[in-house]
Amino acid sequence: MSRLESMRRRLSAQIDGINWAADKIADMDGDVLELGLGNGRTYDHLRQEIPNRRIWVIDRVLKPHPSCVPPAADFLEGEAEDMLTRLAREGHKMVLAHYDFGYGVKEKDVEEGGRLSPLISAVMKPGGLVLSQQPLVGLEQIAGPDTIDPERYLFYRAV
């Protein structure tokens with residue numbers, strides 16, 4: 001599979017996964033967390049599909065497309081460990097988190113996902129959903145939508 005085909009598969013998985021998760025959390029109260037803003041595409045889709053929720057965003061730098069800049073009060077700039085610790089300390093609980101960090105080096109990505117997993121768990125409401133392109137630990141892995149290869153995108157429920 002070419003890198004271009006892989007990217008298409010990832011983008012389709014993100015769209016289908018966010019749409020699926022938005023439906024699953026419709027009756028739950030809580031905020032949403034975007035871990036890794038990048039260009040802002042998934043953040044923009046979250047805003048569209050879940051318009052009446054606060055969407056917290058964590059990233060090292062703010063460099064999205066101009067139409068995808070989150071409100072200043074919702075953007076936490078810095079290292080994920082520090083920002084997740086801050087959210088937990090302040091008592092924020094998420095009903096949905098989208099994990100989109102990555103270096104593009106599998107070993108580094110898996111290590112980071114494992115290291116951040118307990119911090120992500122600490123800010124999740126029980127029963128909340130986490131969508132991730134990296135494996136996470138300490139969360140219950142569940143089946144996502146049938147349209148997504150279970151090895152391409154991962155779905156978790158907070159315990």
# chains A, B, ... in the order shown; residues from 1 in each chain; ligands from 1
$ select_by_dssp --residues "chain A" --states "helix (DSSP H, G or I)" --output "MDAnalysis selection string"
chainID A and resid 3:24 41:49 66:68 72:74 80:89 106:122
$ select_by_dssp --residues "region 6-107 of chain A" --states "strand (DSSP E)" --output "ChimeraX atom specification"
/A:31-35,55-59,75-77,94-99
$ residues_around --residues "Ala21 (chain A)" --least-positions-apart "3" --cutoff "8 Å" --atoms "only C-alpha atoms" --output "MDAnalysis selection string"
chainID A and resid 17:18 24:25 96 129
$ write_last_selection --atoms "N, CA, C and O atoms" --output "PDB file, in the first residue's frame"
ATOM      1  N   GLY A  17     -14.828   7.141  12.371  1.00  0.00           N
ATOM      2  CA  GLY A  17     -14.699   6.954  13.814  1.00  0.00           C
ATOM      3  C   GLY A  17     -15.302   8.099  14.607  1.00  0.00           C
ATOM      4  O   GLY A  17     -16.020   7.885  15.591  1.00  0.00           O
ATOM      5  N   ILE A  18     -15.046   9.316  14.196  1.00  0.00           N
ATOM      6  CA  ILE A  18     -15.618  10.477  14.893  1.00  0.00           C
ATOM      7  C   ILE A  18     -17.134  10.471  14.753  1.00  0.00           C
ATOM      8  O   ILE A  18     -17.856  10.711  15.735  1.00  0.00           O
ATOM      9  N   LYS A  24     -22.486   7.665  19.657  1.00  0.00           N
ATOM     10  CA  LYS A  24     -22.413   6.867  20.886  1.00  0.00           C
ATOM     11  C   LYS A  24     -22.449   7.722  22.153  1.00  0.00           C
ATOM     12  O   LYS A  24     -22.940   7.278  23.185  1.00  0.00           O
ATOM     13  N   ILE A  25     -21.924   8.948  22.086  1.00  0.00           N
ATOM     14  CA  ILE A  25     -21.867   9.796  23.285  1.00  0.00           C
ATOM     15  C   ILE A  25     -22.995  10.817  23.343  1.00  0.00           C
ATOM     16  O   ILE A  25     -23.038  11.642  24.253  1.00  0.00           O
ATOM     17  N   LEU A  96     -15.233  12.096  25.362  1.00  0.00           N
ATOM     18  CA  LEU A  96     -14.616  11.630  24.120  1.00  0.00           C
ATOM     19  C   LEU A  96     -13.230  12.238  24.011  1.00  0.00           C
ATOM     20  O   LEU A  96     -13.052  13.435  24.265  1.00  0.00           O
ATOM     21  N   LEU A 129     -15.338   7.503  25.468  1.00  0.00           N
ATOM     22  CA  LEU A 129     -14.653   6.830  24.358  1.00  0.00           C
ATOM     23  C   LEU A 129     -13.352   7.524  24.002  1.00  0.00           C
ATOM     24  O   LEU A 129     -13.251   8.754  24.072  1.00  0.00           O
TER      25      LEU A 129
END
$ residues_around --residues "Ala143 (chain A)" --least-positions-apart "5" --cutoff "12 Å" --atoms "only C-alpha atoms" --output "ChimeraX atom specification"
/A:17,20-21,129-131,148-157
$ write_last_selection --atoms "all heavy atoms" --output "compact mmCIF listing (two decimals), in the first residue's frame"
# COMPACT_ATOMS: atom_id res chain seq x y z
N GLY A 17 -14.83 7.14 12.37
CA GLY A 17 -14.70 6.95 13.81
C GLY A 17 -15.30 8.10 14.61
O GLY A 17 -16.02 7.89 15.59
N TRP A 20 -19.12 7.92 14.31
CA TRP A 20 -19.61 6.81 15.13
C TRP A 20 -19.61 7.21 16.60
O TRP A 20 -20.57 7.00 17.33
CB TRP A 20 -18.73 5.60 14.87
CG TRP A 20 -18.97 4.40 15.72
CD1 TRP A 20 -19.88 3.42 15.50
CD2 TRP A 20 -18.27 4.04 16.91
NE1 TRP A 20 -19.80 2.46 16.49
CE2 TRP A 20 -18.81 2.83 17.36
CE3 TRP A 20 -17.22 4.63 17.63
CZ2 TRP A 20 -18.34 2.19 18.52
CZ3 TRP A 20 -16.76 4.00 18.76
CH2 TRP A 20 -17.33 2.79 19.19
N ALA A 21 -18.48 7.77 17.06
CA ALA A 21 -18.35 8.15 18.47
C ALA A 21 -19.33 9.26 18.84
O ALA A 21 -19.89 9.25 19.94
CB ALA A 21 -16.92 8.58 18.76
N LEU A 129 -15.34 7.50 25.47
CA LEU A 129 -14.65 6.83 24.36
C LEU A 129 -13.35 7.52 24.00
O LEU A 129 -13.25 8.75 24.07
CB LEU A 129 -15.56 6.82 23.12
CG LEU A 129 -16.90 6.11 23.28
CD1 LEU A 129 -17.72 6.25 22.01
CD2 LEU A 129 -16.69 4.63 23.62
N VAL A 130 -12.37 6.72 23.62
CA VAL A 130 -11.10 7.22 23.13
C VAL A 130 -10.85 6.60 21.77
O VAL A 130 -10.90 5.38 21.63
CB VAL A 130 -9.94 6.89 24.08
CG1 VAL A 130 -8.62 7.46 23.55
CG2 VAL A 130 -10.21 7.41 25.49
N LEU A 131 -10.60 7.44 20.77
CA LEU A 131 -10.24 7.00 19.42
C LEU A 131 -8.76 7.27 19.25
O LEU A 131 -8.28 8.34 19.63
CB LEU A 131 -11.01 7.80 18.37
CG LEU A 131 -12.48 7.52 18.17
CD1 LEU A 131 -13.29 7.80 19.42
CD2 LEU A 131 -13.00 8.35 17.02
N ILE A 148 -14.10 0.35 9.45
CA ILE A 148 -12.70 0.63 9.78
C ILE A 148 -11.97 -0.66 10.10
O ILE A 148 -12.40 -1.45 10.94
CB ILE A 148 -12.61 1.60 10.97
CG1 ILE A 148 -13.29 2.93 10.62
CG2 ILE A 148 -11.16 1.83 11.37
CD1 ILE A 148 -13.39 3.88 11.78
N ASP A 149 -10.84 -0.85 9.45
CA ASP A 149 -9.97 -1.98 9.75
C ASP A 149 -9.53 -1.86 11.21
O ASP A 149 -8.98 -0.83 11.61
CB ASP A 149 -8.74 -1.93 8.83
CG ASP A 149 -7.74 -3.05 9.07
OD1 ASP A 149 -7.78 -3.69 10.14
OD2 ASP A 149 -6.90 -3.26 8.18
N PRO A 150 -9.79 -2.88 12.03
CA PRO A 150 -9.48 -2.78 13.46
C PRO A 150 -7.99 -2.60 13.76
O PRO A 150 -7.64 -2.23 14.86
CB PRO A 150 -10.01 -4.09 14.05
CG PRO A 150 -10.31 -4.98 12.92
CD PRO A 150 -10.42 -4.15 11.68
N GLU A 151 -7.14 -2.81 12.78
CA GLU A 151 -5.72 -2.56 13.00
C GLU A 151 -5.31 -1.16 12.54
O GLU A 151 -4.19 -0.73 12.79
CB GLU A 151 -4.89 -3.63 12.30
CG GLU A 151 -5.08 -4.99 12.93
CD GLU A 151 -4.11 -6.02 12.40
OE1 GLU A 151 -3.06 -5.63 11.86
OE2 GLU A 151 -4.41 -7.22 12.53
N ARG A 152 -6.24 -0.44 11.87
CA ARG A 152 -5.91 0.90 11.37
C ARG A 152 -6.22 1.97 12.39
O ARG A 152 -5.50 2.94 12.53
CB ARG A 152 -6.70 1.18 10.08
CG ARG A 152 -6.38 2.53 9.46
CD ARG A 152 -4.88 2.55 9.19
NE ARG A 152 -4.43 3.78 8.63
CZ ARG A 152 -3.53 4.58 9.24
NH1 ARG A 152 -3.07 4.29 10.41
NH2 ARG A 152 -3.10 5.65 8.65
N TYR A 153 -7.33 1.82 13.09
CA TYR A 153 -7.72 2.78 14.11
C TYR A 153 -8.27 1.99 15.28
O TYR A 153 -8.95 0.97 15.08
CB TYR A 153 -8.77 3.76 13.57
CG TYR A 153 -8.38 5.20 13.79
CD1 TYR A 153 -7.37 5.78 13.04
CD2 TYR A 153 -8.98 5.95 14.79
CE1 TYR A 153 -6.98 7.08 13.26
CE2 TYR A 153 -8.60 7.26 15.01
CZ TYR A 153 -7.59 7.82 14.24
OH TYR A 153 -7.18 9.11 14.46
N LEU A 154 -7.98 2.45 16.47
CA LEU A 154 -8.34 1.72 17.68
C LEU A 154 -9.38 2.49 18.48
O LEU A 154 -9.35 3.72 18.53
CB LEU A 154 -7.09 1.47 18.52
CG LEU A 154 -5.94 0.79 17.77
CD1 LEU A 154 -4.65 0.87 18.55
CD2 LEU A 154 -6.31 -0.64 17.44
N PHE A 155 -10.26 1.74 19.13
CA PHE A 155 -11.36 2.34 19.90
C PHE A 155 -11.32 1.77 21.31
O PHE A 155 -11.16 0.56 21.49
CB PHE A 155 -12.70 2.03 19.22
CG PHE A 155 -12.77 2.63 17.84
CD1 PHE A 155 -12.24 1.98 16.74
CD2 PHE A 155 -13.36 3.87 17.66
CE1 PHE A 155 -12.27 2.56 15.48
CE2 PHE A 155 -13.40 4.46 16.41
CZ PHE A 155 -12.86 3.80 15.33
N TYR A 156 -11.49 2.66 22.27
CA TYR A 156 -11.40 2.27 23.67
C TYR A 156 -12.57 2.89 24.46
O TYR A 156 -13.08 3.96 24.10
CB TYR A 156 -10.10 2.77 24.30
CG TYR A 156 -8.87 2.20 23.67
CD1 TYR A 156 -8.21 2.88 22.63
CD2 TYR A 156 -8.34 0.99 24.09
CE1 TYR A 156 -7.07 2.36 22.05
CE2 TYR A 156 -7.19 0.46 23.52
CZ TYR A 156 -6.56 1.16 22.49
OH TYR A 156 -5.42 0.65 21.91
N ARG A 157 -12.93 2.21 25.54
CA ARG A 157 -13.91 2.75 26.50
C ARG A 157 -13.17 2.94 27.82
O ARG A 157 -12.45 2.05 28.28
CB ARG A 157 -15.09 1.80 26.68
CG ARG A 157 -16.16 2.36 27.60
CD ARG A 157 -17.38 1.46 27.74
NE ARG A 157 -17.80 0.76 26.55
CZ ARG A 157 -18.51 1.28 25.53
NH1 ARG A 157 -18.85 2.55 25.56
NH2 ARG A 157 -18.86 0.55 24.50
$ residues_around --residues "Leu11 (chain A)" --least-positions-apart "2" --cutoff "12 Å" --atoms "only C-alpha atoms" --output "ChimeraX atom specification"
/A:4-9,13-18,41-42,45,100,133,148,152-153
$ write_last_selection --atoms "N, CA, C and O atoms" --output "tab-separated table (two decimals), in the first residue's frame"
chain	number	residue	atom	x	y	z
A	4	LEU	N	0.19	7.29	0.12
A	4	LEU	CA	-1.00	8.05	-0.22
A	4	LEU	C	-2.26	7.24	0.09
A	4	LEU	O	-3.22	7.75	0.68
A	5	GLU	N	-2.24	5.96	-0.28
A	5	GLU	CA	-3.38	5.09	0.04
A	5	GLU	C	-3.55	4.93	1.55
A	5	GLU	O	-4.67	4.92	2.07
A	6	SER	N	-2.44	4.84	2.26
A	6	SER	CA	-2.48	4.74	3.72
A	6	SER	C	-3.08	6.00	4.34
A	6	SER	O	-3.87	5.93	5.28
A	7	MET	N	-2.73	7.14	3.78
A	7	MET	CA	-3.30	8.40	4.28
A	7	MET	C	-4.81	8.45	4.05
A	7	MET	O	-5.57	8.86	4.92
A	8	ARG	N	-5.25	8.03	2.87
A	8	ARG	CA	-6.68	8.01	2.59
A	8	ARG	C	-7.40	7.09	3.58
A	8	ARG	O	-8.46	7.44	4.11
A	9	ARG	N	-6.81	5.95	3.86
A	9	ARG	CA	-7.41	5.00	4.80
A	9	ARG	C	-7.47	5.62	6.21
A	9	ARG	O	-8.46	5.46	6.91
A	13	ALA	N	-10.87	6.57	8.24
A	13	ALA	CA	-11.07	6.01	9.58
A	13	ALA	C	-11.37	7.11	10.58
A	13	ALA	O	-12.24	6.96	11.45
A	14	GLN	N	-10.69	8.23	10.47
A	14	GLN	CA	-10.96	9.34	11.39
A	14	GLN	C	-12.39	9.86	11.22
A	14	GLN	O	-13.09	10.07	12.21
A	15	ILE	N	-12.81	10.07	9.99
A	15	ILE	CA	-14.16	10.57	9.74
A	15	ILE	C	-15.20	9.58	10.26
A	15	ILE	O	-16.10	9.95	11.03
A	16	ASP	N	-15.09	8.32	9.84
A	16	ASP	CA	-16.06	7.31	10.27
A	16	ASP	C	-16.03	7.13	11.79
A	16	ASP	O	-17.07	6.98	12.42
A	17	GLY	N	-14.83	7.14	12.37
A	17	GLY	CA	-14.70	6.95	13.81
A	17	GLY	C	-15.30	8.10	14.61
A	17	GLY	O	-16.02	7.89	15.59
A	18	ILE	N	-15.05	9.32	14.20
A	18	ILE	CA	-15.62	10.48	14.89
A	18	ILE	C	-17.13	10.47	14.75
A	18	ILE	O	-17.86	10.71	15.73
A	41	ARG	N	-7.66	19.49	10.96
A	41	ARG	CA	-8.73	18.82	10.22
A	41	ARG	C	-9.67	18.03	11.13
A	41	ARG	O	-10.89	18.13	11.01
A	42	THR	N	-9.12	17.19	12.03
A	42	THR	CA	-10.01	16.42	12.90
A	42	THR	C	-10.71	17.32	13.91
A	42	THR	O	-11.87	17.08	14.24
A	45	HIS	N	-13.64	18.68	12.18
A	45	HIS	CA	-14.70	17.68	12.04
A	45	HIS	C	-15.41	17.46	13.38
A	45	HIS	O	-16.64	17.32	13.41
A	100	ASP	N	-4.27	11.85	18.50
A	100	ASP	CA	-3.70	11.99	17.17
A	100	ASP	C	-2.24	12.44	17.22
A	100	ASP	O	-1.76	13.13	16.33
A	133	GLN	N	-4.99	6.33	16.81
A	133	GLN	CA	-4.26	5.61	15.78
A	133	GLN	C	-3.09	4.83	16.39
A	133	GLN	O	-2.44	4.06	15.70
A	148	ILE	N	-14.10	0.35	9.45
A	148	ILE	CA	-12.70	0.63	9.78
A	148	ILE	C	-11.97	-0.66	10.10
A	148	ILE	O	-12.40	-1.45	10.94
A	152	ARG	N	-6.24	-0.44	11.87
A	152	ARG	CA	-5.91	0.90	11.37
A	152	ARG	C	-6.22	1.97	12.39
A	152	ARG	O	-5.50	2.94	12.53
A	153	TYR	N	-7.33	1.82	13.09
A	153	TYR	CA	-7.72	2.78	14.11
A	153	TYR	C	-8.27	1.99	15.28
A	153	TYR	O	-8.95	0.97	15.08
$ closest_residue --among "A:Val32, A:Val95, A:Ala158, A:Leu46" --to "Asp74 (chain A)" --atoms "only C-alpha atoms"
A:Val32
$ residues_around --residues "region 106-118 of chain A" --least-positions-apart "5" --cutoff "7 Å" --atoms "only C-alpha atoms" --output "PDB file with C-alpha atoms, in the first residue's frame"
ATOM      1  CA  GLU A  81       2.005  15.171  30.136  1.00  0.00           C
ATOM      2  CA  GLN A 134      -1.796   4.302  18.401  1.00  0.00           C
ATOM      3  CA  PRO A 135      -2.252   1.476  20.907  1.00  0.00           C
ATOM      4  CA  LEU A 136      -3.134   2.650  24.415  1.00  0.00           C
ATOM      5  CA  VAL A 137      -3.095   0.740  27.701  1.00  0.00           C
ATOM      6  CA  GLY A 138      -5.379   0.666  30.730  1.00  0.00           C
TER       7      GLY A 138
END
$ atom_distance --atom1 "CA of Ser121 (chain A)" --atom2 "CA of Gly40 (chain A)"
23.4 Å
$ closest_residue --among "A:Leu33, A:Ala73, A:Ala22, A:Ala97" --to "Gln48 (chain A)" --atoms "only C-alpha atoms"
A:Ala22
$ atom_distance --atom1 "CA of Cys68 (chain A)" --atom2 "CA of Met83 (chain A)"
20.0 Å
$ decode --residues "region 48-61 of chain A" --atoms "all heavy atoms" --output "PDB file, in the first residue's frame"
ATOM      1  N   GLN A  48     -17.866  20.201  13.851  1.00  0.00           N
ATOM      2  CA  GLN A  48     -19.035  20.019  12.992  1.00  0.00           C
ATOM      3  C   GLN A  48     -19.975  18.959  13.547  1.00  0.00           C
ATOM      4  O   GLN A  48     -21.194  19.143  13.579  1.00  0.00           O
ATOM      5  CB  GLN A  48     -18.573  19.622  11.591  1.00  0.00           C
ATOM      6  CG  GLN A  48     -19.719  19.251  10.651  1.00  0.00           C
ATOM      7  CD  GLN A  48     -19.199  18.801   9.315  1.00  0.00           C
ATOM      8  OE1 GLN A  48     -18.658  19.605   8.570  1.00  0.00           O
ATOM      9  NE2 GLN A  48     -19.351  17.508   9.005  1.00  0.00           N
ATOM     10  N   GLU A  49     -19.417  17.829  13.980  1.00  0.00           N
ATOM     11  CA  GLU A  49     -20.236  16.688  14.397  1.00  0.00           C
ATOM     12  C   GLU A  49     -20.720  16.776  15.845  1.00  0.00           C
ATOM     13  O   GLU A  49     -21.716  16.154  16.196  1.00  0.00           O
ATOM     14  CB  GLU A  49     -19.464  15.383  14.189  1.00  0.00           C
ATOM     15  CG  GLU A  49     -19.139  15.102  12.742  1.00  0.00           C
ATOM     16  CD  GLU A  49     -20.373  15.059  11.854  1.00  0.00           C
ATOM     17  OE1 GLU A  49     -21.342  14.358  12.210  1.00  0.00           O
ATOM     18  OE2 GLU A  49     -20.377  15.741  10.802  1.00  0.00           O
ATOM     19  N   ILE A  50     -20.015  17.535  16.666  1.00  0.00           N
ATOM     20  CA  ILE A  50     -20.373  17.668  18.086  1.00  0.00           C
ATOM     21  C   ILE A  50     -20.355  19.161  18.425  1.00  0.00           C
ATOM     22  O   ILE A  50     -19.506  19.631  19.186  1.00  0.00           O
ATOM     23  CB  ILE A  50     -19.385  16.871  18.980  1.00  0.00           C
ATOM     24  CG1 ILE A  50     -19.183  15.459  18.435  1.00  0.00           C
ATOM     25  CG2 ILE A  50     -19.897  16.808  20.414  1.00  0.00           C
ATOM     26  CD1 ILE A  50     -18.081  14.683  19.109  1.00  0.00           C
ATOM     27  N   PRO A  51     -21.291  19.911  17.866  1.00  0.00           N
ATOM     28  CA  PRO A  51     -21.201  21.380  17.952  1.00  0.00           C
ATOM     29  C   PRO A  51     -21.483  21.983  19.324  1.00  0.00           C
ATOM     30  O   PRO A  51     -21.081  23.114  19.575  1.00  0.00           O
ATOM     31  CB  PRO A  51     -22.243  21.846  16.931  1.00  0.00           C
ATOM     32  CG  PRO A  51     -23.239  20.729  16.879  1.00  0.00           C
ATOM     33  CD  PRO A  51     -22.437  19.472  17.082  1.00  0.00           C
ATOM     34  N   ASN A  52     -22.132  21.292  20.199  1.00  0.00           N
ATOM     35  CA  ASN A  52     -22.534  21.893  21.469  1.00  0.00           C
ATOM     36  C   ASN A  52     -21.691  21.424  22.648  1.00  0.00           C
ATOM     37  O   ASN A  52     -22.155  21.435  23.784  1.00  0.00           O
ATOM     38  CB  ASN A  52     -24.019  21.610  21.731  1.00  0.00           C
ATOM     39  CG  ASN A  52     -24.885  22.226  20.651  1.00  0.00           C
ATOM     40  OD1 ASN A  52     -24.637  23.339  20.206  1.00  0.00           O
ATOM     41  ND2 ASN A  52     -25.891  21.487  20.204  1.00  0.00           N
ATOM     42  N   ARG A  53     -20.472  21.025  22.384  1.00  0.00           N
ATOM     43  CA  ARG A  53     -19.573  20.567  23.447  1.00  0.00           C
ATOM     44  C   ARG A  53     -18.306  21.396  23.433  1.00  0.00           C
ATOM     45  O   ARG A  53     -17.852  21.845  22.393  1.00  0.00           O
ATOM     46  CB  ARG A  53     -19.191  19.111  23.238  1.00  0.00           C
ATOM     47  CG  ARG A  53     -20.388  18.202  23.230  1.00  0.00           C
ATOM     48  CD  ARG A  53     -20.079  16.930  23.874  1.00  0.00           C
ATOM     49  NE  ARG A  53     -21.157  15.994  23.642  1.00  0.00           N
ATOM     50  CZ  ARG A  53     -21.617  15.200  24.559  1.00  0.00           C
ATOM     51  NH1 ARG A  53     -21.097  15.208  25.757  1.00  0.00           N
ATOM     52  NH2 ARG A  53     -22.596  14.364  24.283  1.00  0.00           N
ATOM     53  N   ARG A  54     -17.743  21.557  24.604  1.00  0.00           N
ATOM     54  CA  ARG A  54     -16.432  22.194  24.683  1.00  0.00           C
ATOM     55  C   ARG A  54     -15.404  21.187  24.191  1.00  0.00           C
ATOM     56  O   ARG A  54     -15.393  20.031  24.610  1.00  0.00           O
ATOM     57  CB  ARG A  54     -16.125  22.598  26.116  1.00  0.00           C
ATOM     58  CG  ARG A  54     -14.822  23.353  26.242  1.00  0.00           C
ATOM     59  CD  ARG A  54     -14.613  23.887  27.633  1.00  0.00           C
ATOM     60  NE  ARG A  54     -13.507  24.831  27.635  1.00  0.00           N
ATOM     61  CZ  ARG A  54     -13.118  25.484  28.703  1.00  0.00           C
ATOM     62  NH1 ARG A  54     -13.747  25.313  29.860  1.00  0.00           N
ATOM     63  NH2 ARG A  54     -12.100  26.327  28.618  1.00  0.00           N
ATOM     64  N   ILE A  55     -14.529  21.643  23.312  1.00  0.00           N
ATOM     65  CA  ILE A  55     -13.476  20.791  22.772  1.00  0.00           C
ATOM     66  C   ILE A  55     -12.135  21.362  23.221  1.00  0.00           C
ATOM     67  O   ILE A  55     -11.707  22.415  22.753  1.00  0.00           O
ATOM     68  CB  ILE A  55     -13.538  20.696  21.232  1.00  0.00           C
ATOM     69  CG1 ILE A  55     -14.906  20.201  20.775  1.00  0.00           C
ATOM     70  CG2 ILE A  55     -12.412  19.789  20.716  1.00  0.00           C
ATOM     71  CD1 ILE A  55     -15.119  20.262  19.271  1.00  0.00           C
ATOM     72  N   TRP A  56     -11.504  20.655  24.146  1.00  0.00           N
ATOM     73  CA  TRP A  56     -10.169  21.013  24.605  1.00  0.00           C
ATOM     74  C   TRP A  56      -9.170  20.503  23.569  1.00  0.00           C
ATOM     75  O   TRP A  56      -9.369  19.442  22.987  1.00  0.00           O
ATOM     76  CB  TRP A  56      -9.869  20.346  25.940  1.00  0.00           C
ATOM     77  CG  TRP A  56     -10.719  20.824  27.065  1.00  0.00           C
ATOM     78  CD1 TRP A  56     -11.926  20.315  27.469  1.00  0.00           C
ATOM     79  CD2 TRP A  56     -10.437  21.901  27.931  1.00  0.00           C
ATOM     80  NE1 TRP A  56     -12.396  21.018  28.549  1.00  0.00           N
ATOM     81  CE2 TRP A  56     -11.501  22.004  28.854  1.00  0.00           C
ATOM     82  CE3 TRP A  56      -9.379  22.803  28.040  1.00  0.00           C
ATOM     83  CZ2 TRP A  56     -11.534  22.960  29.858  1.00  0.00           C
ATOM     84  CZ3 TRP A  56      -9.411  23.759  29.036  1.00  0.00           C
ATOM     85  CH2 TRP A  56     -10.474  23.832  29.933  1.00  0.00           C
ATOM     86  N   VAL A  57      -8.099  21.250  23.370  1.00  0.00           N
ATOM     87  CA  VAL A  57      -7.080  20.856  22.400  1.00  0.00           C
ATOM     88  C   VAL A  57      -5.705  20.960  23.058  1.00  0.00           C
ATOM     89  O   VAL A  57      -5.397  21.988  23.673  1.00  0.00           O
ATOM     90  CB  VAL A  57      -7.121  21.748  21.144  1.00  0.00           C
ATOM     91  CG1 VAL A  57      -6.047  21.351  20.162  1.00  0.00           C
ATOM     92  CG2 VAL A  57      -8.498  21.715  20.489  1.00  0.00           C
ATOM     93  N   ILE A  58      -4.920  19.909  22.915  1.00  0.00           N
ATOM     94  CA  ILE A  58      -3.547  19.907  23.418  1.00  0.00           C
ATOM     95  C   ILE A  58      -2.608  19.713  22.240  1.00  0.00           C
ATOM     96  O   ILE A  58      -2.780  18.799  21.437  1.00  0.00           O
ATOM     97  CB  ILE A  58      -3.330  18.763  24.436  1.00  0.00           C
ATOM     98  CG1 ILE A  58      -4.170  18.986  25.695  1.00  0.00           C
ATOM     99  CG2 ILE A  58      -1.848  18.634  24.792  1.00  0.00           C
ATOM    100  CD1 ILE A  58      -4.113  17.836  26.693  1.00  0.00           C
ATOM    101  N   ASP A  59      -1.601  20.588  22.159  1.00  0.00           N
ATOM    102  CA  ASP A  59      -0.523  20.403  21.191  1.00  0.00           C
ATOM    103  C   ASP A  59       0.671  21.220  21.639  1.00  0.00           C
ATOM    104  O   ASP A  59       0.528  22.161  22.424  1.00  0.00           O
ATOM    105  CB  ASP A  59      -0.946  20.803  19.783  1.00  0.00           C
ATOM    106  CG  ASP A  59      -0.217  19.999  18.708  1.00  0.00           C
ATOM    107  OD1 ASP A  59       0.937  19.558  18.950  1.00  0.00           O
ATOM    108  OD2 ASP A  59      -0.780  19.793  17.625  1.00  0.00           O
ATOM    109  N   ARG A  60       1.826  20.862  21.107  1.00  0.00           N
ATOM    110  CA  ARG A  60       3.059  21.576  21.468  1.00  0.00           C
ATOM    111  C   ARG A  60       3.098  22.982  20.897  1.00  0.00           C
ATOM    112  O   ARG A  60       3.689  23.877  21.503  1.00  0.00           O
ATOM    113  CB  ARG A  60       4.278  20.798  20.969  1.00  0.00           C
ATOM    114  CG  ARG A  60       4.498  19.510  21.711  1.00  0.00           C
ATOM    115  CD  ARG A  60       5.745  18.781  21.202  1.00  0.00           C
ATOM    116  NE  ARG A  60       5.900  17.532  21.908  1.00  0.00           N
ATOM    117  CZ  ARG A  60       5.662  16.346  21.381  1.00  0.00           C
ATOM    118  NH1 ARG A  60       5.278  16.242  20.124  1.00  0.00           N
ATOM    119  NH2 ARG A  60       5.816  15.265  22.100  1.00  0.00           N
ATOM    120  N   VAL A  61       2.526  23.155  19.725  1.00  0.00           N
ATOM    121  CA  VAL A  61       2.523  24.462  19.060  1.00  0.00           C
ATOM    122  C   VAL A  61       1.177  24.669  18.380  1.00  0.00           C
ATOM    123  O   VAL A  61       0.495  23.709  18.016  1.00  0.00           O
ATOM    124  CB  VAL A  61       3.657  24.597  18.019  1.00  0.00           C
ATOM    125  CG1 VAL A  61       5.022  24.581  18.677  1.00  0.00           C
ATOM    126  CG2 VAL A  61       3.570  23.531  16.959  1.00  0.00           C
TER     127      VAL A  61
END
